[in-house]
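Peer 1: Data file run_21.cif (mmCIF, C-alpha atoms) is appended below.
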```
data_start
loop_
_atom_site.group_PDB
_atom_site.id
_atom_site.type_symbol
_atom_site.label_atom_id
_atom_site.label_comp_id
_atom_site.auth_asym_id
_atom_site.auth_seq_id
_atom_site.Cartn_x
_atom_site.Cartn_y
_atom_site.Cartn_z
ATOM 1 C CA MET A 1 71.803 189.451 97.587
ATOM 2 C CA ALA A 2 69.288 190.544 100.192
ATOM 3 C CA ASP A 3 69.034 194.311 100.494
ATOM 4 C CA LYS A 4 70.290 195.134 104.017
ATOM 5 C CA SER A 5 68.311 198.381 104.063
ATOM 6 C CA LYS A 6 65.192 196.192 104.403
ATOM 7 C CA LEU A 7 65.978 195.349 108.026
ATOM 8 C CA GLY A 8 62.879 196.194 110.053
ATOM 9 C CA MET A 9 60.629 196.110 107.007
ATOM 10 C CA GLU A 10 57.053 195.030 107.739
ATOM 11 C CA PHE A 11 54.910 193.164 105.250
ATOM 12 C CA PRO A 12 51.178 193.673 104.677
ATOM 13 C CA SER A 13 49.199 191.396 106.986
ATOM 14 C CA TYR A 14 47.358 188.395 105.548
ATOM 15 C CA THR A 15 44.193 186.636 106.693
ATOM 16 C CA PHE A 16 43.557 182.905 106.516
ATOM 17 C CA GLU A 17 40.349 181.130 107.529
ATOM 18 C CA VAL A 18 41.001 177.686 109.001
ATOM 19 C CA GLU A 19 38.812 174.988 107.429
ATOM 20 C CA LYS A 20 38.603 171.476 108.835
ATOM 21 C CA GLY A 21 39.128 170.009 105.359
ATOM 22 C CA LYS A 22 42.437 171.868 105.097
ATOM 23 C CA ILE A 23 43.536 170.566 108.496
ATOM 24 C CA ALA A 24 42.724 166.985 107.419
ATOM 25 C CA GLU A 25 44.477 167.439 104.070
ATOM 26 C CA PHE A 26 47.576 168.843 105.783
ATOM 27 C CA ALA A 27 47.559 166.109 108.434
ATOM 28 C CA MET A 28 47.344 163.452 105.699
ATOM 29 C CA ALA A 29 50.324 165.006 103.919
ATOM 30 C CA ILE A 30 52.621 165.099 106.943
ATOM 31 C CA SER A 31 51.421 161.699 108.216
ATOM 32 C CA GLN A 32 51.860 160.146 104.720
ATOM 33 C CA LYS A 33 48.350 158.701 104.978
ATOM 34 C CA GLU A 34 45.893 157.996 102.168
ATOM 35 C CA SER A 35 42.675 158.499 104.107
ATOM 36 C CA LYS A 36 41.242 160.489 106.994
ATOM 37 C CA ASP A 37 40.445 157.268 108.884
ATOM 38 C CA GLN A 38 44.160 156.611 109.350
ATOM 39 C CA LEU A 39 44.860 159.998 110.956
ATOM 40 C CA ASN A 40 45.312 161.015 114.562
ATOM 41 C CA PRO A 41 41.614 161.526 115.485
ATOM 42 C CA LEU A 42 42.420 164.934 117.037
ATOM 43 C CA TYR A 43 42.891 166.255 113.465
ATOM 44 C CA VAL A 44 39.544 165.035 112.110
ATOM 45 C CA ASN A 45 37.101 164.091 114.850
ATOM 46 C CA ARG A 46 35.528 166.746 117.059
ATOM 47 C CA GLU A 47 34.287 164.189 119.607
ATOM 48 C CA ALA A 48 37.758 162.689 119.986
ATOM 49 C CA ALA A 49 39.225 166.175 120.419
ATOM 50 C CA ARG A 50 36.612 167.034 123.075
ATOM 51 C CA LYS A 51 37.407 163.850 124.980
ATOM 52 C CA ASP A 52 40.989 165.112 125.098
ATOM 53 C CA ASP A 53 39.904 168.477 126.594
ATOM 54 C CA TYR A 54 40.013 170.469 123.352
ATOM 55 C CA LYS A 55 37.105 172.642 122.281
ATOM 56 C CA ASP A 56 37.218 171.255 118.732
ATOM 57 C CA ILE A 57 39.505 169.624 116.142
ATOM 58 C CA ILE A 58 43.106 170.859 116.360
ATOM 59 C CA ALA A 59 45.898 171.237 113.787
ATOM 60 C CA PRO A 60 49.359 169.623 113.469
ATOM 61 C CA PRO A 61 52.373 171.603 114.804
ATOM 62 C CA THR A 62 53.519 172.866 111.378
ATOM 63 C CA PHE A 63 50.045 173.644 109.962
ATOM 64 C CA GLN A 64 50.615 177.422 109.978
ATOM 65 C CA THR A 65 53.157 177.047 107.175
ATOM 66 C CA CYS A 66 50.210 176.960 104.758
ATOM 67 C CA PHE A 67 48.743 180.321 105.901
ATOM 68 C CA PRO A 68 51.022 182.694 103.979
ATOM 69 C CA LEU A 69 51.357 180.264 101.074
ATOM 70 C CA TRP A 70 47.595 180.214 100.488
ATOM 71 C CA ALA A 71 46.706 183.682 101.783
ATOM 72 C CA ALA A 72 49.594 185.926 100.847
ATOM 73 C CA GLY A 73 50.665 184.599 97.443
ATOM 74 C CA GLY A 74 53.511 182.552 98.870
ATOM 75 C CA LEU A 75 57.105 183.428 99.430
ATOM 76 C CA LEU A 76 57.784 185.021 96.063
ATOM 77 C CA PRO A 77 56.473 188.564 96.701
ATOM 78 C CA LEU A 78 58.395 188.636 99.968
ATOM 79 C CA ILE A 79 61.593 187.397 98.343
ATOM 80 C CA GLN A 80 61.272 189.962 95.569
ATOM 81 C CA ALA A 81 60.623 192.770 98.061
ATOM 82 C CA LEU A 82 63.817 191.832 99.903
ATOM 83 C CA GLY A 83 65.935 191.497 96.767
ATOM 84 C CA ILE A 84 66.780 187.878 97.539
ATOM 85 C CA ASP A 85 68.195 185.798 94.689
ATOM 86 C CA LEU A 86 65.783 182.857 94.293
ATOM 87 C CA ILE A 87 68.370 180.603 92.683
ATOM 88 C CA ARG A 88 70.647 180.935 95.741
ATOM 89 C CA LEU A 89 67.837 180.633 98.289
ATOM 90 C CA LEU A 90 67.725 177.932 100.958
ATOM 91 C CA HIS A 91 65.414 177.528 103.916
ATOM 92 C CA GLY A 92 67.895 177.596 106.789
ATOM 93 C CA GLU A 93 65.858 177.412 109.957
ATOM 94 C CA GLU A 94 62.240 177.414 111.129
ATOM 95 C CA GLU A 95 60.983 177.994 114.666
ATOM 96 C CA TYR A 96 57.541 178.133 116.296
ATOM 97 C CA ASP A 97 56.415 179.379 119.698
ATOM 98 C CA TYR A 98 53.001 177.967 120.560
ATOM 99 C CA LEU A 99 50.892 180.287 122.704
ATOM 100 C CA GLY A 100 47.403 179.058 121.855
ATOM 101 C CA VAL A 101 45.381 176.486 119.930
ATOM 102 C CA ILE A 102 43.977 176.636 116.374
ATOM 103 C CA HIS A 103 40.503 175.286 115.600
ATOM 104 C CA PRO A 104 38.379 175.118 112.416
ATOM 105 C CA GLY A 105 36.560 178.391 111.816
ATOM 106 C CA ASP A 106 39.342 180.482 113.327
ATOM 107 C CA ILE A 107 40.383 183.459 111.266
ATOM 108 C CA MET A 108 44.119 183.876 111.518
ATOM 109 C CA THR A 109 45.937 187.106 110.760
ATOM 110 C CA GLY A 110 49.682 187.030 110.178
ATOM 111 C CA LYS A 111 52.001 189.999 110.308
ATOM 112 C CA SER A 112 55.626 189.548 109.252
ATOM 113 C CA LYS A 113 58.702 191.655 109.848
ATOM 114 C CA VAL A 114 62.377 191.396 108.918
ATOM 115 C CA VAL A 115 64.102 191.179 112.315
ATOM 116 C CA ASP A 116 67.682 190.345 111.375
ATOM 117 C CA MET A 117 70.013 190.375 108.372
ATOM 118 C CA TYR A 118 73.596 189.214 108.554
ATOM 119 C CA GLU A 119 76.418 187.528 106.642
ATOM 120 C CA LYS A 120 78.584 184.565 107.488
ATOM 121 C CA GLU A 121 81.817 183.632 105.766
ATOM 122 C CA LYS A 122 81.651 180.243 104.041
ATOM 123 C CA LYS A 123 83.832 177.724 105.856
ATOM 124 C CA ASP A 124 84.929 176.023 102.655
ATOM 125 C CA LYS A 125 85.387 179.275 100.660
ATOM 126 C CA PRO A 126 87.131 182.018 102.676
ATOM 127 C CA GLY A 127 86.254 185.480 101.386
ATOM 128 C CA LYS A 128 82.846 184.263 100.142
ATOM 129 C CA PHE A 129 79.776 185.018 102.221
ATOM 130 C CA MET A 130 76.316 183.631 102.775
ATOM 131 C CA ASP A 131 73.492 186.082 103.503
ATOM 132 C CA PHE A 132 70.920 185.401 106.197
ATOM 133 C CA THR A 133 67.508 187.048 106.508
ATOM 134 C CA VAL A 134 65.336 186.351 109.541
ATOM 135 C CA ILE A 135 61.586 186.951 109.314
ATOM 136 C CA GLU A 136 59.330 186.875 112.358
ATOM 137 C CA THR A 137 55.574 186.506 112.049
ATOM 138 C CA GLU A 138 52.936 186.996 114.711
ATOM 139 C CA ILE A 139 49.787 184.999 114.034
ATOM 140 C CA ARG A 140 46.651 186.072 115.889
ATOM 141 C CA ASN A 141 43.131 184.663 115.855
ATOM 142 C CA GLN A 142 39.824 186.525 115.402
ATOM 143 C CA ARG A 143 39.846 187.449 119.116
ATOM 144 C CA GLY A 144 43.231 189.134 118.746
ATOM 145 C CA GLU A 145 44.971 186.436 120.794
ATOM 146 C CA LEU A 146 48.567 185.738 119.824
ATOM 147 C CA VAL A 147 48.464 182.025 118.932
ATOM 148 C CA ILE A 148 51.792 181.351 117.231
ATOM 149 C CA LYS A 149 55.043 183.215 116.685
ATOM 150 C CA THR A 150 57.143 181.976 113.789
ATOM 151 C CA ARG A 151 60.750 182.704 112.944
ATOM 152 C CA SER A 152 62.090 181.736 109.511
ATOM 153 C CA THR A 153 65.722 182.038 108.477
ATOM 154 C CA LEU A 154 66.318 182.354 104.746
ATOM 155 C CA VAL A 155 69.830 181.742 103.447
ATOM 156 C CA GLU A 156 71.428 182.820 100.176
ATOM 157 C CA ARG A 157 74.369 180.552 99.596
ATOM 158 C CA MET B 1 45.645 159.521 120.994
ATOM 159 C CA THR B 2 48.874 159.932 122.870
ATOM 160 C CA LYS B 3 49.135 158.539 126.337
ATOM 161 C CA LYS B 4 49.698 160.890 129.207
ATOM 162 C CA ILE B 5 53.348 161.654 129.925
ATOM 163 C CA TYR B 6 54.191 163.129 133.312
ATOM 164 C CA PHE B 7 57.067 165.490 134.091
ATOM 165 C CA ASP B 8 58.012 163.285 137.063
ATOM 166 C CA ASP B 9 58.548 160.257 134.814
ATOM 167 C CA ILE B 10 60.961 161.982 132.411
ATOM 168 C CA ASN B 11 64.689 162.055 133.127
ATOM 169 C CA ILE B 12 67.453 163.990 131.404
ATOM 170 C CA GLY B 13 69.016 161.643 128.867
ATOM 171 C CA ASP B 14 65.771 159.766 128.178
ATOM 172 C CA ALA B 15 65.278 158.983 124.494
ATOM 173 C CA MET B 16 62.100 160.016 122.718
ATOM 174 C CA PRO B 17 60.446 157.086 120.937
ATOM 175 C CA THR B 18 62.115 156.568 117.554
ATOM 176 C CA PHE B 19 59.808 157.352 114.646
ATOM 177 C CA THR B 20 60.357 156.179 111.075
ATOM 178 C CA SER B 21 58.532 157.593 108.045
ATOM 179 C CA ALA B 22 57.250 155.668 105.070
ATOM 180 C CA PRO B 23 59.692 155.927 102.130
ATOM 181 C CA ILE B 24 58.983 159.362 100.627
ATOM 182 C CA MET B 25 57.634 159.036 97.088
ATOM 183 C CA ARG B 26 56.888 161.771 94.545
ATOM 184 C CA THR B 27 53.187 161.321 95.351
ATOM 185 C CA HIS B 28 53.915 162.385 98.941
ATOM 186 C CA LEU B 29 55.576 165.543 97.604
ATOM 187 C CA VAL B 30 52.570 166.324 95.408
ATOM 188 C CA ARG B 31 50.222 165.753 98.331
ATOM 189 C CA TYR B 32 52.312 168.066 100.530
ATOM 190 C CA ALA B 33 52.496 170.700 97.774
ATOM 191 C CA GLY B 34 48.700 170.751 97.545
ATOM 192 C CA ALA B 35 48.165 170.742 101.287
ATOM 193 C CA SER B 36 50.709 173.454 102.078
ATOM 194 C CA GLY B 37 50.355 175.556 98.940
ATOM 195 C CA ASP B 38 54.100 175.326 98.230
ATOM 196 C CA PHE B 39 54.112 174.693 94.474
ATOM 197 C CA ASN B 40 57.794 175.411 93.911
ATOM 198 C CA PRO B 41 58.505 173.155 90.868
ATOM 199 C CA LEU B 42 61.738 172.088 92.575
ATOM 200 C CA HIS B 43 59.536 169.628 94.458
ATOM 201 C CA HIS B 44 57.546 168.037 91.615
ATOM 202 C CA ASP B 45 58.805 168.886 88.124
ATOM 203 C CA GLU B 46 61.828 166.913 86.938
ATOM 204 C CA THR B 47 62.139 169.030 83.766
ATOM 205 C CA PHE B 48 62.531 172.116 85.994
ATOM 206 C CA VAL B 49 65.294 170.657 88.167
ATOM 207 C CA ALA B 50 67.075 169.340 85.059
ATOM 208 C CA MET B 51 67.713 172.980 84.085
ATOM 209 C CA PHE B 52 69.894 173.239 87.200
ATOM 210 C CA GLY B 53 71.687 169.973 86.552
ATOM 211 C CA MET B 54 69.757 168.091 89.223
ATOM 212 C CA GLN B 55 68.693 164.505 88.560
ATOM 213 C CA ARG B 56 65.652 164.450 90.779
ATOM 214 C CA VAL B 57 63.122 166.616 92.521
ATOM 215 C CA ILE B 58 63.694 167.073 96.257
ATOM 216 C CA ALA B 59 61.307 166.972 99.181
ATOM 217 C CA HIS B 60 60.060 170.188 100.803
ATOM 218 C CA GLY B 61 62.147 170.880 103.911
ATOM 219 C CA MET B 62 58.851 171.681 105.607
ATOM 220 C CA LEU B 63 57.575 168.176 104.810
ATOM 221 C CA ILE B 64 60.534 166.772 106.738
ATOM 222 C CA MET B 65 59.781 169.225 109.585
ATOM 223 C CA GLY B 66 56.118 168.163 109.387
ATOM 224 C CA ILE B 67 57.054 164.493 109.697
ATOM 225 C CA THR B 68 59.310 165.454 112.614
ATOM 226 C CA GLY B 69 56.369 167.259 114.247
ATOM 227 C CA ASN B 70 54.373 164.096 113.781
ATOM 228 C CA ALA B 71 57.101 162.163 115.599
ATOM 229 C CA ILE B 72 56.789 164.608 118.520
ATOM 230 C CA THR B 73 52.993 164.454 118.779
ATOM 231 C CA GLU B 74 53.071 160.650 118.628
ATOM 232 C CA TRP B 75 54.846 160.959 121.976
ATOM 233 C CA ILE B 76 53.784 164.271 123.554
ATOM 234 C CA ASP B 77 50.256 165.666 123.496
ATOM 235 C CA ASN B 78 49.888 168.606 121.057
ATOM 236 C CA LYS B 79 48.695 170.972 123.788
ATOM 237 C CA CYS B 80 51.950 170.406 125.725
ATOM 238 C CA LEU B 81 54.120 171.700 122.883
ATOM 239 C CA LYS B 82 55.503 175.198 123.552
ATOM 240 C CA ASN B 83 58.367 175.572 121.076
ATOM 241 C CA PHE B 84 59.613 173.597 118.065
ATOM 242 C CA LYS B 85 62.600 174.614 115.983
ATOM 243 C CA VAL B 86 64.780 173.044 113.334
ATOM 244 C CA ARG B 87 67.855 173.828 111.276
ATOM 245 C CA PHE B 88 67.802 172.252 107.830
ATOM 246 C CA SER B 89 71.029 170.514 106.869
ATOM 247 C CA GLY B 90 70.391 168.217 103.927
ATOM 248 C CA MET B 91 68.059 167.654 101.016
ATOM 249 C CA THR B 92 65.912 164.536 100.565
ATOM 250 C CA GLU B 93 65.370 162.829 97.233
ATOM 251 C CA PRO B 94 62.275 160.636 96.929
ATOM 252 C CA ALA B 95 62.571 156.919 96.182
ATOM 253 C CA ASP B 96 62.262 155.864 92.526
ATOM 254 C CA LEU B 97 59.516 153.398 91.586
ATOM 255 C CA THR B 98 61.823 152.007 88.896
ATOM 256 C CA ASP B 99 64.401 150.991 91.507
ATOM 257 C CA PHE B 100 62.538 151.069 94.796
ATOM 258 C CA GLU B 101 64.651 148.559 96.741
ATOM 259 C CA ASN B 102 67.877 150.441 96.046
ATOM 260 C CA THR B 103 66.481 153.949 96.550
ATOM 261 C CA LYS B 104 64.104 153.637 99.510
ATOM 262 C CA ALA B 105 66.875 154.106 102.121
ATOM 263 C CA ARG B 106 67.586 157.702 101.019
ATOM 264 C CA ALA B 107 63.865 158.501 101.300
ATOM 265 C CA THR B 108 63.076 156.869 104.637
ATOM 266 C CA ILE B 109 63.397 159.350 107.475
ATOM 267 C CA THR B 110 63.999 158.348 111.075
ATOM 268 C CA ILE B 111 63.546 160.838 113.898
ATOM 269 C CA THR B 112 65.468 160.334 117.108
ATOM 270 C CA GLY B 113 65.898 162.576 120.107
ATOM 271 C CA LYS B 114 66.673 162.835 123.765
ATOM 272 C CA VAL B 115 65.713 164.971 126.719
ATOM 273 C CA VAL B 116 68.473 167.461 127.524
ATOM 274 C CA LYS B 117 66.851 169.731 130.122
ATOM 275 C CA LYS B 118 64.098 169.825 132.754
ATOM 276 C CA PHE B 119 63.129 173.244 134.062
ATOM 277 C CA ALA B 120 60.345 175.452 135.412
ATOM 278 C CA GLU B 121 59.102 178.407 133.363
ATOM 279 C CA GLY B 122 55.893 180.422 133.408
ATOM 280 C CA GLY B 123 54.594 178.339 136.295
ATOM 281 C CA GLU B 124 54.959 175.161 134.214
ATOM 282 C CA ASN B 125 57.255 172.174 134.363
ATOM 283 C CA ARG B 126 58.971 171.921 131.016
ATOM 284 C CA ILE B 127 61.318 169.584 129.209
ATOM 285 C CA GLN B 128 63.611 170.365 126.322
ATOM 286 C CA CYS B 129 64.343 167.591 123.881
ATOM 287 C CA GLU B 130 66.970 167.736 121.123
ATOM 288 C CA LEU B 131 66.194 165.811 117.972
ATOM 289 C CA GLN B 132 67.363 164.987 114.489
ATOM 290 C CA ALA B 133 65.887 163.560 111.315
ATOM 291 C CA ALA B 134 68.149 161.372 109.167
ATOM 292 C CA ASP B 135 67.671 158.969 106.278
ATOM 293 C CA ALA B 136 68.453 155.257 106.473
ATOM 294 C CA LEU B 137 71.935 155.928 105.024
ATOM 295 C CA GLY B 138 72.727 158.193 107.987
ATOM 296 C CA ASN B 139 72.485 161.525 106.147
ATOM 297 C CA VAL B 140 71.116 164.157 108.529
ATOM 298 C CA LYS B 141 68.236 166.229 107.123
ATOM 299 C CA LEU B 142 67.601 168.502 110.066
ATOM 300 C CA THR B 143 68.542 168.996 113.692
ATOM 301 C CA GLY B 144 66.445 170.826 116.210
ATOM 302 C CA SER B 145 64.651 170.770 119.505
ATOM 303 C CA PHE B 146 61.284 171.112 121.138
ATOM 304 C CA ILE B 147 60.054 172.332 124.506
ATOM 305 C CA ALA B 148 56.985 170.805 126.123
ATOM 306 C CA ALA B 149 55.137 171.686 129.329
ATOM 307 C CA LEU B 150 54.178 168.464 131.095
ATOM 308 C CA PRO B 151 51.693 167.787 133.879
ATOM 309 C CA SER B 152 52.994 166.643 137.256
ATOM 310 C CA LYS B 153 51.567 163.739 139.219
#
```
Would it be possible to restate this file's structure as structure tokens?
Peer 2:
Amino acid sequence: MADKSKLGMEFPSYTFEVEKGKIAEFAMAISQKESKDQLNPLYVNREAARKDDYKDIIAPPTFQTCFPLWAAGGLLPLIQALGIDLIRLLHGEEEYDYLGVIHPGDIMTGKSKVVDMYEKEKKDKPGKFMDFTVIETEIRNQRGELVIKTRSTLVER
Amino acid sequence: MTKKIYFDDINIGDAMPTFTSAPIMRTHLVRYAGASGDFNPLHHDETFVAMFGMQRVIAHGMLIMGITGNAITEWIDNKCLKNFKVRFSGMTEPADLTDFENTKARATITITGKVVKKFAEGGENRIQCELQAADALGNVKLTGSFIAALPSK
């Protein structure tokens, strides 16, 4: 069970450099495409992105999910630090606020904090509880601009 | 590229264009694992899930959210998107190559949604759209919403 004394805990920040190959690879995965030619050109073609008033290639809406996984050793260290039982863990909710745009070459820094911990009684099993842990992350670029805020709810059933 | 959608042309109750995924195969899960860096064996190793009494690997919830994001940006320009949130409600098993015709329905995800609110915020005209992703058998995988700031005519 998540250790409630960890409410407010901050995690060490991570840094992730955005490469255009990673954007294309991610876009192929979420578009279920086999080649770059089949993708939305905004994810692979700088000229197409410029025609659409972007400075450069952009990334799909859920791209930032790969930042902590590649840069911060994934979820496991975080789960261990919080005392969450991996076998009972479910991803409950995920939310993004978009405040800016991500381009190749950007260096993103993410800083995560535990902002809420609570229990809910199971509807089908009165007296048994599920534990919820909410983690917010602020992701800034190399200019210090807040680009994305993420909010992940982890559930132990 | 998406065509330009104007705030003036959207009405509360309007449906977002329905989007249907390809049937999710294990290869899609492997591709997503590599792209995202989520190598939890739950999503690719059948001998791992067998230890928990599960018959099959399951798709990453974030793959389903990613496909849902794709459904949004097929309709609304990426730069218009201000907020996107989902609540996961069901797991997705990939289709089996050994019995594709009978298993593809559980692995084919359709995203539907409708506009529930039009409002002004931060000097922008915004819409809120509720959405859900469900397989072809009707099992809901996630529900959620997005907010987009749209240009006016």
Peer 1: Applied to the shown file, which residues does the PyMOL selection byres ((chain A) within 10 of (chain B)) return, written as a ChimeraX atom specification?
Peer 2: /A:21-34,40-42,48-49,52-54,58-71,73-76,87,90-101,148-153
Peer 1: Step by step, work through what the PyMOL selection byres ((chain A and resi 131) around 6) selects in the shown file, and finish by giving those residues as a PyMOL selection string.
Peer 2: chain A and resi 118-119+130+132+155-156
Peer 1: Care to translate the PyMOL selection byres ((chain B and resi 115) around 7) into actual residues of this file, as a list in words?
Peer 2: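 On this input, the PyMOL selection byres ((chain B and resi 115) around 7) captures Ile12, Gly13, Asp14, Ala15, Lys114, Val116, Lys117, Ile127, Gln128, Cys129 and Glu130 of chain B.
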Peer 1: Take the residues that were just selected and, keeping C-alpha atoms, output them as a CSV table (one decimal), in the coordinates of the input.
Peer 2:
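Below you can see result_24.csv, which holds the result:
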```csv
chain,number,residue,atom,x,y,z
B,12,ILE,CA,67.5,164.0,131.4
B,13,GLY,CA,69.0,161.6,128.9
B,14,ASP,CA,65.8,159.8,128.2
B,15,ALA,CA,65.3,159.0,124.5
B,114,LYS,CA,66.7,162.8,123.8
B,116,VAL,CA,68.5,167.5,127.5
B,117,LYS,CA,66.9,169.7,130.1
B,127,ILE,CA,61.3,169.6,129.2
B,128,GLN,CA,63.6,170.4,126.3
B,129,CYS,CA,64.3,167.6,123.9
B,130,GLU,CA,67.0,167.7,121.1
```
Peer 1: Quote the spacing between CA of Asp45 (chain B) and CA of Phe19 (chain B) in Å to one decimal place.
Peer 2: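 One can read the CA of Asp45 (chain B) to CA of Phe19 (chain B) distance as 28.9 Å.
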Peer 1: Could you check the closest approach to Thr137 (chain A) for each of A:Asp56, A:Asp106, A:Glu10, A:Asp85 and tell me which residue wins, using all atoms listed in the file?
Peer 2: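 Closest candidate: A:Glu10.
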Peer 1: Calculate how many Å separate CA of Lys104 (chain B) from CA of Ala136 (chain B), rounding to one decimal.
Peer 2: 8.4 Å
Peer 1: Determine the nearest neighbour of Met9 (chain A) from the options A:Val114, A:Leu89, A:Ala72, A:Val134, counting only C-alpha atoms.
Peer 2: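 Selected residue with least distance to Met9 (chain A): A:Val114.
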Peer 1: Report the distance between CA of Ile111 (chain B) and CA of Ala95 (chain B) in Å, rounded to one decimal place.
Peer 2: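 It comes out at 18.2 Å.
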Peer 1: Return the single residue from A:Thr133, A:Asp116, A:His103, A:Met108 that is closest to Arg46 (chain A), with distances computed using all atoms listed in the file.
Peer 2: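 Looking at the shortest contact to Arg46 (chain A), the residue is A:His103.
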Peer 1: Select all residues near (58.5, 158.2, 91.6) (cut-off 6 Å, inclusive, file coordinates), counting only C-alpha atoms, and output them as a PDB file with C-alpha atoms, in the coordinates of the input.
Peer 2:
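Written out: out.pdb:
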```pdb
ATOM      1  CA  MET B  25      57.634 159.036  97.088  1.00  0.00           C
ATOM      2  CA  ARG B  26      56.888 161.771  94.545  1.00  0.00           C
ATOM      3  CA  ASP B  96      62.262 155.864  92.526  1.00  0.00           C
ATOM      4  CA  LEU B  97      59.516 153.398  91.586  1.00  0.00           C
TER       5      LEU B  97
END
```
Peer 1: Edge lengths and centre, in Å to one decimal, as JSON: that's what I need for the box along x, y and z that holds all listed atoms of region 129-135 of chain A plus 4 Å on each side.
Peer 2:
```
{"center_x": 70.7, "center_y": 185.3, "center_z": 105.9, "size_x": 26.2, "size_y": 11.4, "size_z": 15.3}
```
Peer 1: Select, from B:Met51, B:Asn11, B:Met16, B:His43, the residue with the minimum atom-to-atom distance to Arg126 (chain B), counting all atoms listed in the file.
Peer 2: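 Ranking B:Met51, B:Asn11, B:Met16, B:His43 by distance to Arg126 (chain B), first place goes to B:Asn11.
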Peer 1: Within 10 Å of Asp8 (chain B), counting all atoms listed in the file, which residues qualify if same-chain residues fewer than 4 places away don't, as an MDAnalysis selection string?
Peer 2: chainID B and resid 118 125 150:153
Peer 1: Within 12 Å of Gly144 (chain A), counting all atoms listed in the file, which residues show up once you throw out same-chain ones fewer than 2 positions away? Write them as an MDAnalysis selection string, please.
Peer 2: chainID A and resid 100 106:110 138:142 146:148
